[in-house]
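Raw contents of upload.cif, mmCIF, C-alpha atoms:
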data_work
loop_
_atom_site.label_atom_id
_atom_site.label_comp_id
_atom_site.auth_asym_id
_atom_site.auth_seq_id
_atom_site.Cartn_x
_atom_site.Cartn_y
_atom_site.Cartn_z
CA ASP A 143 0.00 0.00 0.00
CA LEU A 144 1.56 3.31 -1.05
CA ARG A 145 -0.81 5.53 0.92
CA ALA A 146 0.32 7.35 4.06
CA ILE A 147 -0.40 5.25 7.14
CA LEU A 148 0.60 5.87 10.73
CA LYS A 149 0.54 2.51 12.47
CA VAL A 150 -0.01 2.63 16.21
CA PRO A 151 0.30 -0.12 18.83
CA SER A 152 -2.85 -2.20 19.18
CA LEU A 153 -3.25 -1.00 22.80
CA TYR A 154 -4.34 2.32 21.28
CA LEU A 155 -6.81 0.74 18.87
CA THR A 156 -9.34 -0.15 21.52
CA GLY A 157 -12.52 1.46 22.64
CA LYS A 158 -15.26 3.21 20.78
CA PHE A 159 -13.41 3.92 17.51
CA SER A 160 -11.26 0.80 17.19
CA ASP A 161 -13.23 -0.96 14.46
CA VAL A 162 -12.41 1.48 11.64
CA PHE A 163 -8.68 1.62 12.41
CA MET A 164 -7.93 -2.09 12.87
CA ARG A 165 -7.89 -2.69 9.10
CA TYR A 166 -4.70 -0.63 8.67
CA GLY A 167 -3.31 -1.06 12.16
CA GLY A 168 -3.64 2.67 12.67
CA ILE A 169 -4.56 5.79 10.75
CA MET A 170 -4.75 5.77 6.97
CA PHE A 171 -4.83 9.32 5.65
CA PRO A 172 -7.61 9.52 3.03
CA TYR A 173 -5.94 12.36 1.11
CA THR A 174 -2.28 12.62 0.27
CA PRO A 175 -0.71 14.56 3.15
CA GLN A 176 2.11 17.04 2.82
CA ILE A 177 5.16 15.49 4.47
CA THR A 178 8.32 17.46 5.13
CA LEU A 179 11.60 15.63 5.80
CA GLU A 180 15.06 17.00 6.46
CA SER A 181 18.40 15.22 6.78
CA LYS A 182 21.49 17.19 7.62
CA ALA A 183 25.19 16.90 8.34
CA GLU A 184 26.54 19.09 11.14
CA TYR A 185 30.01 20.59 10.95
CA SER A 186 32.07 22.50 13.48
CA SER A 187 34.55 25.02 12.23
CA THR A 188 37.69 26.65 13.42
CA THR A 189 39.24 29.76 12.00
CA PRO A 190 43.01 29.68 12.11
CA LEU A 191 44.74 32.94 12.88
CA HIS A 192 45.48 35.01 9.76
CA SER A 193 43.31 32.81 7.53
CA ASN A 194 40.65 33.83 5.02
CA TYR A 195 38.68 30.61 5.33
CA PRO A 196 37.50 28.46 8.23
CA ILE A 197 38.40 24.79 8.45
CA ASN A 198 35.33 22.57 8.78
CA PHE A 199 35.23 19.32 10.75
CA TYR A 200 32.40 16.81 10.51
CA LYS A 201 30.53 16.59 13.81
CA ASN A 202 27.47 14.34 13.28
CA SER A 203 24.46 13.70 11.09
CA ALA A 204 20.83 14.08 12.10
CA VAL A 205 17.31 13.60 10.84
CA SER A 206 14.98 16.40 11.82
CA ASP A 207 11.41 15.98 12.96
CA ILE A 208 8.88 15.03 10.29
CA SER A 209 6.01 17.40 9.71
CA LEU A 210 2.84 15.84 8.33
CA THR A 211 -0.06 18.08 7.30
CA ALA A 212 -3.24 16.27 6.33
CA ASN A 213 -6.56 17.52 5.05
CA PHE A 214 -9.77 15.79 5.99
CA THR A 215 -13.34 16.22 4.85
CA VAL A 216 -16.56 15.07 6.48
CA GLN A 217 -19.62 14.44 4.31
CA ASN A 218 -21.49 11.72 6.21
CA ASP A 219 -21.70 9.81 9.48
CA ASP A 220 -18.88 7.42 8.52
CA ASP A 221 -16.52 10.34 7.83
CA ALA A 222 -17.51 12.00 11.11
CA TYR A 223 -16.83 8.77 13.00
CA TYR A 224 -13.42 8.37 11.33
CA TYR A 225 -12.47 11.99 12.01
CA LEU A 226 -13.40 11.72 15.70
CA GLY A 227 -11.49 8.46 16.09
CA MET A 228 -8.44 9.79 14.28
CA VAL A 229 -8.21 12.86 16.51
CA ARG A 230 -8.78 10.73 19.62
CA ILE A 231 -6.04 8.22 18.71
CA LEU A 232 -3.54 10.92 17.69
CA THR A 233 -4.13 12.74 20.97
CA ALA A 234 -3.82 9.50 22.96
CA VAL A 235 -0.40 8.64 21.48
CA THR A 236 1.01 11.91 22.82
CA LYS A 237 0.25 10.88 26.41
CA MET A 238 2.01 8.60 28.87
CA ARG A 239 -0.03 5.84 30.48
CA PHE A 240 -1.34 7.13 33.80
CA GLY A 241 -3.86 6.72 36.61
CA GLY A 242 -5.27 3.24 37.19
CA ASP A 243 -3.83 1.99 33.88
CA ALA A 244 -2.00 -1.35 34.23
CA LEU A 245 0.87 0.24 32.25
CA ALA A 246 0.92 3.49 34.26
CA GLY A 247 4.21 5.34 33.86
CA SER A 248 4.91 4.04 30.35
CA PRO A 249 5.91 6.80 27.92
CA PRO A 250 3.99 7.56 24.73
CA PRO A 251 4.32 4.70 22.24
CA ILE A 252 6.55 4.25 19.22
CA CYS A 253 4.43 4.34 16.07
CA ARG A 254 5.48 3.37 12.53
CA LEU A 255 5.14 5.65 9.50
CA PHE A 256 4.61 4.22 6.03
CA ALA A 257 4.14 6.28 2.86
CA TYR A 258 4.89 6.07 -0.85
CA GLY A 259 6.66 2.72 -0.95
CA GLU A 260 9.92 0.95 -0.40
CA TYR A 261 12.40 3.82 -0.80
CA VAL A 262 10.53 6.75 0.73
CA LEU A 263 8.96 6.10 4.16
CA LYS A 264 8.88 2.43 5.00
CA ASN A 265 8.42 1.38 8.62
CA VAL A 266 9.99 4.51 10.12
CA PRO A 267 9.81 4.42 13.95
CA VAL A 268 8.38 7.71 15.20
CA VAL A 269 6.84 9.25 18.27
CA VAL A 270 4.07 11.79 17.91
CA THR A 271 5.30 14.97 19.59
CA SER A 272 2.35 17.19 18.76
CA VAL A 273 -1.04 17.14 17.07
CA ARG A 274 -2.85 20.23 15.95
CA HIS A 275 -6.36 20.03 14.61
CA ASP A 276 -8.23 23.15 13.72
CA LEU A 277 -11.91 23.80 14.22
CA PRO A 278 -12.14 26.58 11.61
CA ASP A 279 -14.78 29.28 11.72
CA ASP A 280 -15.11 29.58 7.94
CA VAL A 281 -16.51 26.10 7.14
CA ASP A 282 -19.75 24.32 7.84
CA PHE A 283 -19.95 21.73 10.60
CA TYR A 284 -21.54 18.33 10.05
CA THR A 285 -23.80 17.23 12.91
CA SER A 286 -24.03 13.50 13.45
CA SER A 287 -25.54 11.19 16.02
CA VAL A 288 -23.17 8.26 15.38
CA LEU A 289 -22.28 8.12 19.07
CA PRO A 290 -24.69 6.66 21.61
CA GLU A 291 -23.90 9.54 23.95
CA GLY A 292 -25.58 11.99 21.58
CA ARG A 293 -25.00 14.34 18.74
CA VAL A 294 -21.61 15.74 17.78
CA SER A 295 -20.52 18.40 15.28
CA VAL A 296 -17.27 18.20 13.32
CA PRO A 297 -15.89 20.49 10.61
CA THR A 298 -16.69 19.51 7.03
CA LYS A 299 -13.13 20.44 6.10
CA ALA A 300 -10.23 20.37 8.54
CA THR A 301 -6.45 20.33 8.54
CA LEU A 302 -4.37 18.29 10.97
CA THR A 303 -0.70 19.02 11.58
CA ILE A 304 1.24 16.20 13.15
CA ASN A 305 4.87 16.44 14.24
CA LEU A 306 6.76 13.17 14.35
CA LYS A 307 10.19 12.55 15.84
CA PRO A 308 12.14 9.64 14.30
CA THR A 309 13.07 7.41 17.23
CA TYR A 310 15.45 4.53 16.60
CA SER A 311 16.38 2.01 19.27
CA ARG A 312 20.05 1.34 20.00
CA GLN A 313 19.68 -2.07 18.41
CA GLU A 314 18.25 -0.54 15.23
CA MET A 315 21.07 2.03 15.10
CA MET A 316 23.72 -0.68 15.52
CA GLY A 317 22.35 -2.46 12.44
CA ALA A 318 22.37 0.65 10.26
CA ASN A 319 24.98 1.45 7.62
CA VAL A 320 25.19 3.54 4.47
CA THR A 321 25.54 0.54 2.15
CA SER A 322 22.28 -1.06 3.30
CA TYR A 323 20.57 2.34 3.30
CA LEU A 324 21.50 2.86 -0.35
CA ALA A 325 20.17 -0.63 -1.18
CA ASN A 326 16.87 -0.19 0.69
CA SER A 327 16.00 2.27 3.43
CA GLY A 328 14.40 -0.35 5.71
CA GLY A 329 12.97 2.37 7.91
CA TYR A 330 16.00 4.66 8.00
CA LEU A 331 15.88 8.24 6.82
#
Translate this file's structure into structure tokens.
Amino acid sequence: DLRAILKVPSLYLTGKFSDVFMRYGGIMFPYTPQITLESKAEYSSTTPLHSNYPINFYKNSAVSDISLTANFTVQNDDDAYYYLGMVRILTAVTKMRFGGDALAGSPPPICRLFAYGEYVLKNVPVVVTSVRHDLPDDVDFYTSSVLPEGRVSVPTKATLTINLKPTYSRQEMMGANVTSYLANSGGYL
């Protein structure tokens, strides 16, 4: 599947909205989202006395946070249900387990980002660092009674901005090298 999918641990696919997200193991974005990636090499420099040019020394490489901006439209009860569930799951994966939860104290989970096939974003481990969903004042709201608790209104057109931080385990980092990356990313950016 080449579509953008954010897979989340099954512990977060429970409750009221779980049925529509189990098929993909998480959130499948219905419209192509805008995804921004940045890889960079950091250099330190020294400027020798009486020199016109600095001398640069490689310091390290880094992958910046991934920004994912997704549009969503609601035209019927099914869309409203999906939108509500998507926002609920995305918000939940930014929280640690707390209270009377059997896993209380556990940090937010590692999710997996897939998009556009083998050599773009395949199985990239990420944590969701922020979710922004707008309730705009310049669109209509769809009112639905899909929930037993009563009616709910959601925007007919909304934009979600999700910030993702690539998070590799030590074991994953130990298995990484440039040669295998060039052959197939395997989840590395």
Can you tell me which residues surround Gly167 of chain A at a distance of at most 10 Å, considering all atoms listed in the file, apart from same-chain residues fewer than 5 positions away, and format the answer as a ChimeraX atom specification? /A:147-152,154-155,160,162,254
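Comparing A:Lys182, A:His275, A:Lys201, A:Lys307 by their smallest distance to Phe214 of chain A, the closest is A:His275 (using only C-alpha atoms).
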Which one is closest to Ile208 of chain A: A:Ser322, A:Ser311, A:Ser295, A:Ser181? Count all atoms listed in the file. A:Ser181
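Between atom CA of Cys253 of chain A and atom CA of Gly241 of chain A lies a distance of 22.3 Å.
Within 10 Å of Leu306 of chain A, once only C-alpha atoms are used and residues closer than 2 positions along the same chain are dropped, the contacting residues are Ser206, Asp207, Ile208, Ser209, Leu210, Cys253, Leu255, Pro267, Val268, Val269, Val270, Thr271, Ser272, Val273, Thr303, Ile304, Pro308 and Thr309 of chain A.
Closest approach to Val262 of chain A from the set A:Val281, A:Tyr195, A:Met170, A:Thr178 is made by A:Thr178, with distances taken over all atoms listed in the file.
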Where does the PyMOL selection byres ((chain A and resi 331) around 10) land in this file, that is, which residues does it pick, as number ranges by chain? A: 179-181, 204-206, 261-264, 266, 308, 323, 327-330
Please produce an output containing C-alpha atoms for each residue in the selection, written as a PDB file, in the coordinates of the input.
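Here's the written file selection_2.pdb:
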ATOM      1  CA  LEU A 179      11.600  15.630   5.800  1.00  0.00           C
ATOM      2  CA  GLU A 180      15.060  17.000   6.460  1.00  0.00           C
ATOM      3  CA  SER A 181      18.400  15.220   6.780  1.00  0.00           C
ATOM      4  CA  ALA A 204      20.830  14.080  12.100  1.00  0.00           C
ATOM      5  CA  VAL A 205      17.310  13.600  10.840  1.00  0.00           C
ATOM      6  CA  SER A 206      14.980  16.400  11.820  1.00  0.00           C
ATOM      7  CA  TYR A 261      12.400   3.820  -0.800  1.00  0.00           C
ATOM      8  CA  VAL A 262      10.530   6.750   0.730  1.00  0.00           C
ATOM      9  CA  LEU A 263       8.960   6.100   4.160  1.00  0.00           C
ATOM     10  CA  LYS A 264       8.880   2.430   5.000  1.00  0.00           C
ATOM     11  CA  VAL A 266       9.990   4.510  10.120  1.00  0.00           C
ATOM     12  CA  PRO A 308      12.140   9.640  14.300  1.00  0.00           C
ATOM     13  CA  TYR A 323      20.570   2.340   3.300  1.00  0.00           C
ATOM     14  CA  SER A 327      16.000   2.270   3.430  1.00  0.00           C
ATOM     15  CA  GLY A 328      14.400  -0.350   5.710  1.00  0.00           C
ATOM     16  CA  GLY A 329      12.970   2.370   7.910  1.00  0.00           C
ATOM     17  CA  TYR A 330      16.000   4.660   8.000  1.00  0.00           C
TER      18      TYR A 330
END
Can you tell me which residues surround Ala300 of chain A at a distance of at most 9 Å, considering all atoms listed in the file, apart from same-chain residues fewer than 4 positions away, and format the answer as number ranges by chain? A: 212-216, 275-278, 281, 296
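This file, queried with the PyMOL selection byres ((chain A and resi 188) around 9), gives the residues Ser186, Ser187, Thr189, Pro190, Pro196, Ile197, Asn198 and Phe199 of chain A.
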Neighbouring residues of Val229 of chain A were defined as those with any atom within 10 Å, considering only C-alpha atoms; residues of the same chain fewer than 5 positions away were excluded. Please report them as a list in words. Ile169, Tyr224, Ala234, Val273, Arg274, His275 and Leu302 of chain A
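Candidate residues A:Ser203, A:Pro250, A:Leu232, A:Asn265 were compared for distance to Gly168 of chain A, and the nearest is A:Leu232, using only C-alpha atoms.
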Would you mind telling me which residue in A:Val288, A:Ala244, A:Ala146, A:Ala325 lies nearest to Asn218 of chain A when using only C-alpha atoms? A:Val288
Which one of A:Phe240, A:Gly317, A:Phe163, A:Tyr225 sits closest to Lys299 of chain A if you count only C-alpha atoms? A:Tyr225
